[in-house]
Amino acid sequence: MLGHGLFRPILPIFARRVGATGVEVGLLTSGFMLARAITAFTIGRDIDRSGRRTIYVRIGFFCVFMIAFGYFFVDSYFGLLFLRFCQGICSGLMWPATQVMVVEQADKDYRTRALSLYQITGRIGGLLSRAVLGLILLITVRVGLNELSSFRVVFIIGGVILMGGFLDTLFVPEYKKAPRNKKKGKPPYSIFLLGFIFGALMALAPISIVFFNEYYSMSPLAIAILLLGLDFITIVAMYGSSHLTDNIGTNKSLWFVIIPCLAAALLLPFVREFIVFVAIYFVLRMAISSFVPISRAYATNISTELGSNIGTLNMLTNLGAVIGPIIGGYIYDHFAQGFKIAGYSIIALLLIPGIFVLLKEKKVFAAR
């Protein structure tokens with residue numbers, strides 16, 4: 001996340017500079033998520049059959065640092081789209097394996113918090129990346145580089161950091177599957193549906209960056225600082241919601257995520273004042289981020305196929321992230337003023353039928 005987080009905030013702006021429309025900016029995330037969805041589902045099933053974990057992390061990390069260097073040479077939108085798709089494959093290799101490793105090693109009474117800490121370490125890397133990104137942009141501006149040249153410097157530095165991450169994976173010991181008691185139960189269909197919806201919401205982040213840049217005239221440096229603050233607050237919210245989940249159960253804690261998310265998403269397009277907009281946006285992003293560890297804990301406490309549940313949840317979350325940016329990009333291109341960000345509102349309305357599916361689901365499990 002330290003390396004990847006460096007260039008993720010600038011990719012939407014970089015894409016716009018090489019001629020991308022709002023829909024095409026959204027497709028960068030859609031292509032990434034589609035590749036990750038297909039790979040995650042396949043890897044999740046293989047984890048249950050073969051027990052392999054560490055090898056997927058090593059292969060994914062090797063490829064992702066090579067791709068990061070590739071961004072330096074991109075000068076067209078389609079080259080950018082191709083690299084994002086390849087990056088999605090790498091992510092799909094790593095995510096299910098690492099999440100399964102965390103779940104299998106965590107004590108049952110600490111599982112949600114363990115998953116949260118897994119997410120938080122990534123968030124800390126992302127938080128540090130915002131500070132590093134701001135410093136790089138500040139230095140490159142001072143030495144007289146133009147915007148695109150500054151972005152290319154960021155890509156190189158991100159690649160170097162990711163290469164260091166790959167070298168670190170070589171020292172990770174081969175993972176051995178921990179004993180796990182099998183349970184009977186149906187797949188968690190409600191959380192799969194909610195994962196699809198939250199994945200669509202999560203993937204609207206690039207459209208949000210473009211919105212801040214073009215509607216509120218924020219510079220890339222100012223956006224990096226804003227995202228730095230968002231990451232810090234999100235870390236606190238994520239761990240707090242996970243601690244709550246381990247004490248009251250996933251079924252109850254989900255409401256502390258779904259309701260604020262729905263309310264904030266519906267309000268967002270009607271707000272014009274910058275400070276109020278940022279406050280509501282922060283609530284929305286905190287709710288979306290908090291859903292991730294809670295949903296993984298929900299999925300891993302139901303059925304015998306741990307890898308398949310994690311892989312399927314990742315797949316559906318990523319498929320939602322394929323659809324979300326397309327909807328968000330279309331709305332951004334065709335709506336005016338603050339309603340350019342209304343993709344959040346339209347997608348969040350799907351939470352209403354998602355709530356009914358959650359309430360009607362027959363299989364309910366007690367928090368562990």
# chains A, B, ... in the order shown; residues from 1 in each chain; ligands from 1
>>> residues_around(residues="Glu273 (chain A)", least_positions_apart="5", cutoff="12 Å", atoms="only C-alpha atoms", output="ChimeraX atom specification")
/A:215-216,268,278-280,338
>>> residues_around(residues="Ile347 (chain A)", least_positions_apart="4", cutoff="8 Å", atoms="only C-alpha atoms", output="list in words")
Ile197, Ala200, Leu201, Gly324, Gly343 and Leu351 of chain A
>>> write_last_selection(atoms="N, CA and C atoms", output="mmCIF file, in the first residue's frame")
data_model
loop_
_atom_site.group_PDB
_atom_site.id
_atom_site.type_symbol
_atom_site.label_atom_id
_atom_site.label_comp_id
_atom_site.auth_asym_id
_atom_site.auth_seq_id
_atom_site.Cartn_x
_atom_site.Cartn_y
_atom_site.Cartn_z
ATOM 1 N N ILE A 197 -22.469 -4.390 -3.604
ATOM 2 C CA ILE A 197 -22.891 -2.982 -3.529
ATOM 3 C C ILE A 197 -21.781 -2.106 -2.955
ATOM 4 N N ALA A 200 -19.031 -1.519 -5.389
ATOM 5 C CA ALA A 200 -19.345 -0.468 -6.354
ATOM 6 C C ALA A 200 -19.117 0.913 -5.758
ATOM 7 N N LEU A 201 -19.515 1.090 -4.501
ATOM 8 C CA LEU A 201 -19.310 2.372 -3.825
ATOM 9 C C LEU A 201 -17.824 2.654 -3.609
ATOM 10 N N GLY A 324 -19.593 -0.024 -10.624
ATOM 11 C CA GLY A 324 -19.655 1.285 -9.976
ATOM 12 C C GLY A 324 -19.002 2.405 -10.756
ATOM 13 N N GLY A 343 -23.366 9.460 -8.478
ATOM 14 C CA GLY A 343 -23.199 8.012 -8.620
ATOM 15 C C GLY A 343 -23.254 7.309 -7.275
ATOM 16 N N LEU A 351 -28.678 -0.545 -1.512
ATOM 17 C CA LEU A 351 -28.561 -1.054 -0.150
ATOM 18 C C LEU A 351 -29.929 -1.388 0.440
#
>>> residues_around(residues="region 287-289 of chain A", least_positions_apart="3", cutoff="9 Å", atoms="only C-alpha atoms", output="VMD selection string")
chain A and resid 119 198 to 199 201 to 202 234 to 235 237 to 238 256 to 261 282 to 284 292 to 293
>>> atom_distance(atom1="CA of Leu226 (chain A)", atom2="CA of Ser242 (chain A)")
24.3 Å
>>> select_by_dssp(residues="region 16-55 of chain A", states="alpha helix (DSSP H)", output="ChimeraX atom specification")
/A:16-17,22-50,54-55
>>> write_last_selection(atoms="C-alpha atoms", output="short mmCIF file (atom, residue, chain, number, x, y, z; two decimals), in the first residue's frame")
data_model
loop_
_atom_site.label_atom_id
_atom_site.label_comp_id
_atom_site.auth_asym_id
_atom_site.auth_seq_id
_atom_site.Cartn_x
_atom_site.Cartn_y
_atom_site.Cartn_z
CA ARG A 16 -7.56 13.02 -17.85
CA ARG A 17 -4.31 14.65 -19.00
CA GLY A 22 -15.13 10.50 -17.09
CA VAL A 23 -16.33 7.06 -18.20
CA GLU A 24 -12.82 6.10 -19.24
CA VAL A 25 -11.48 7.19 -15.86
CA GLY A 26 -14.08 4.91 -14.30
CA LEU A 27 -13.01 2.06 -16.59
CA LEU A 28 -9.52 2.18 -15.09
CA THR A 29 -11.03 0.96 -11.84
CA SER A 30 -13.49 -1.35 -13.61
CA GLY A 31 -10.72 -3.09 -15.54
CA PHE A 32 -8.66 -3.47 -12.38
CA MET A 33 -11.58 -4.89 -10.42
CA LEU A 34 -12.74 -7.23 -13.19
CA ALA A 35 -9.29 -8.78 -13.40
CA ARG A 36 -9.10 -9.04 -9.61
CA ALA A 37 -12.59 -10.59 -9.40
CA ILE A 38 -11.80 -13.40 -11.84
CA THR A 39 -8.43 -14.12 -10.25
CA ALA A 40 -9.65 -13.92 -6.63
CA PHE A 41 -12.46 -16.42 -7.22
CA THR A 42 -10.08 -18.89 -8.87
CA ILE A 43 -7.39 -18.50 -6.22
CA GLY A 44 -9.91 -18.82 -3.38
CA ARG A 45 -11.09 -22.20 -4.66
CA ASP A 46 -7.53 -23.40 -5.19
CA ILE A 47 -6.60 -22.45 -1.62
CA ASP A 48 -9.24 -24.89 -0.33
CA ARG A 49 -7.96 -27.66 -2.60
CA SER A 50 -4.19 -27.24 -2.53
CA THR A 54 2.61 -17.84 0.19
CA ILE A 55 3.48 -18.59 -3.43
#
>>> residues_around(residues="Tyr56 (chain A)", least_positions_apart="6", cutoff="10 Å", atoms="only C-alpha atoms", output="list in words")
Ile43, Ile47, Cys90, Ser91, Gly92, Leu93, Met94, Trp95, Pro96, Ala97 and Thr98 of chain A
>>> write_last_selection(atoms="N, CA and C atoms", output="short mmCIF file (atom, residue, chain, number, x, y, z; two decimals), in the first residue's frame")
data_model
loop_
_atom_site.label_atom_id
_atom_site.label_comp_id
_atom_site.auth_asym_id
_atom_site.auth_seq_id
_atom_site.Cartn_x
_atom_site.Cartn_y
_atom_site.Cartn_z
N ILE A 43 -8.39 -18.25 -7.26
CA ILE A 43 -7.39 -18.50 -6.22
C ILE A 43 -8.05 -18.97 -4.93
N ILE A 47 -7.10 -22.43 -2.99
CA ILE A 47 -6.60 -22.45 -1.62
C ILE A 47 -7.24 -23.59 -0.83
N CYS A 90 -2.68 -9.23 -10.39
CA CYS A 90 -1.73 -9.37 -9.28
C CYS A 90 -2.44 -9.25 -7.94
N SER A 91 -3.33 -8.29 -7.83
CA SER A 91 -4.06 -8.09 -6.59
C SER A 91 -4.93 -9.30 -6.27
N GLY A 92 -5.55 -9.88 -7.30
CA GLY A 92 -6.38 -11.06 -7.11
C GLY A 92 -5.58 -12.27 -6.64
N LEU A 93 -4.31 -12.32 -7.00
CA LEU A 93 -3.45 -13.39 -6.52
C LEU A 93 -3.18 -13.26 -5.02
N MET A 94 -3.01 -12.03 -4.55
CA MET A 94 -2.55 -11.81 -3.19
C MET A 94 -3.68 -11.72 -2.16
N TRP A 95 -4.76 -11.01 -2.47
CA TRP A 95 -5.77 -10.71 -1.45
C TRP A 95 -6.40 -11.94 -0.80
N PRO A 96 -6.95 -12.89 -1.56
CA PRO A 96 -7.58 -14.04 -0.88
C PRO A 96 -6.58 -14.81 -0.02
N ALA A 97 -5.35 -14.99 -0.52
CA ALA A 97 -4.36 -15.76 0.23
C ALA A 97 -4.03 -15.10 1.56
N THR A 98 -3.79 -13.80 1.55
CA THR A 98 -3.43 -13.13 2.79
C THR A 98 -4.60 -13.06 3.77
#
>>> atom_distance(atom1="CA of Ala222 (chain A)", atom2="CA of Leu162 (chain A)")
24.6 Å
>>> closest_residue(among="A:Gly229, A:Gly240, A:Gly329, A:Gly70", to="Ser116 (chain A)", atoms="only C-alpha atoms")
A:Gly240
>>> residues_around(residues="Pro353 (chain A)", least_positions_apart="6", cutoff="10 Å", atoms="only C-alpha atoms", output="ChimeraX atom specification")
/A:193-194,359
>>> closest_residue(among="A:Leu167, A:Leu244, A:Val57, A:Val103", to="Asn309 (chain A)", atoms="only C-alpha atoms")
A:Val103
>>> atom_distance(atom1="CA of Tyr344 (chain A)", atom2="CA of Ser290 (chain A)")
16.7 Å
>>> closest_residue(among="A:Ala342, A:Leu221, A:Val100, A:Leu313", to="Phe270 (chain A)", atoms="only C-alpha atoms")
A:Ala342
>>> residues_around(residues="Leu135 (chain A)", least_positions_apart="6", cutoff="10 Å", atoms="only C-alpha atoms", output="PDB file with C-alpha atoms, in the first residue's frame")
ATOM      1  CA  SER A 129       2.095   7.275   0.920  1.00  0.00           C
ATOM      2  CA  VAL A 141       7.261  21.603  -8.590  1.00  0.00           C
ATOM      3  CA  LEU A 221      -1.088  18.274  -3.630  1.00  0.00           C
ATOM      4  CA  ALA A 224      -3.125  14.216  -1.339  1.00  0.00           C
TER       5      ALA A 224
END
>>> closest_residue(among="A:Gly144, A:Gly195, A:Pro12, A:Gly249", to="Ile223 (chain A)", atoms="only C-alpha atoms")
A:Pro12
>>> closest_residue(among="A:Lys360, A:Arg130, A:Phe274, A:His243", to="Ala114 (chain A)", atoms="only C-alpha atoms")
A:His243
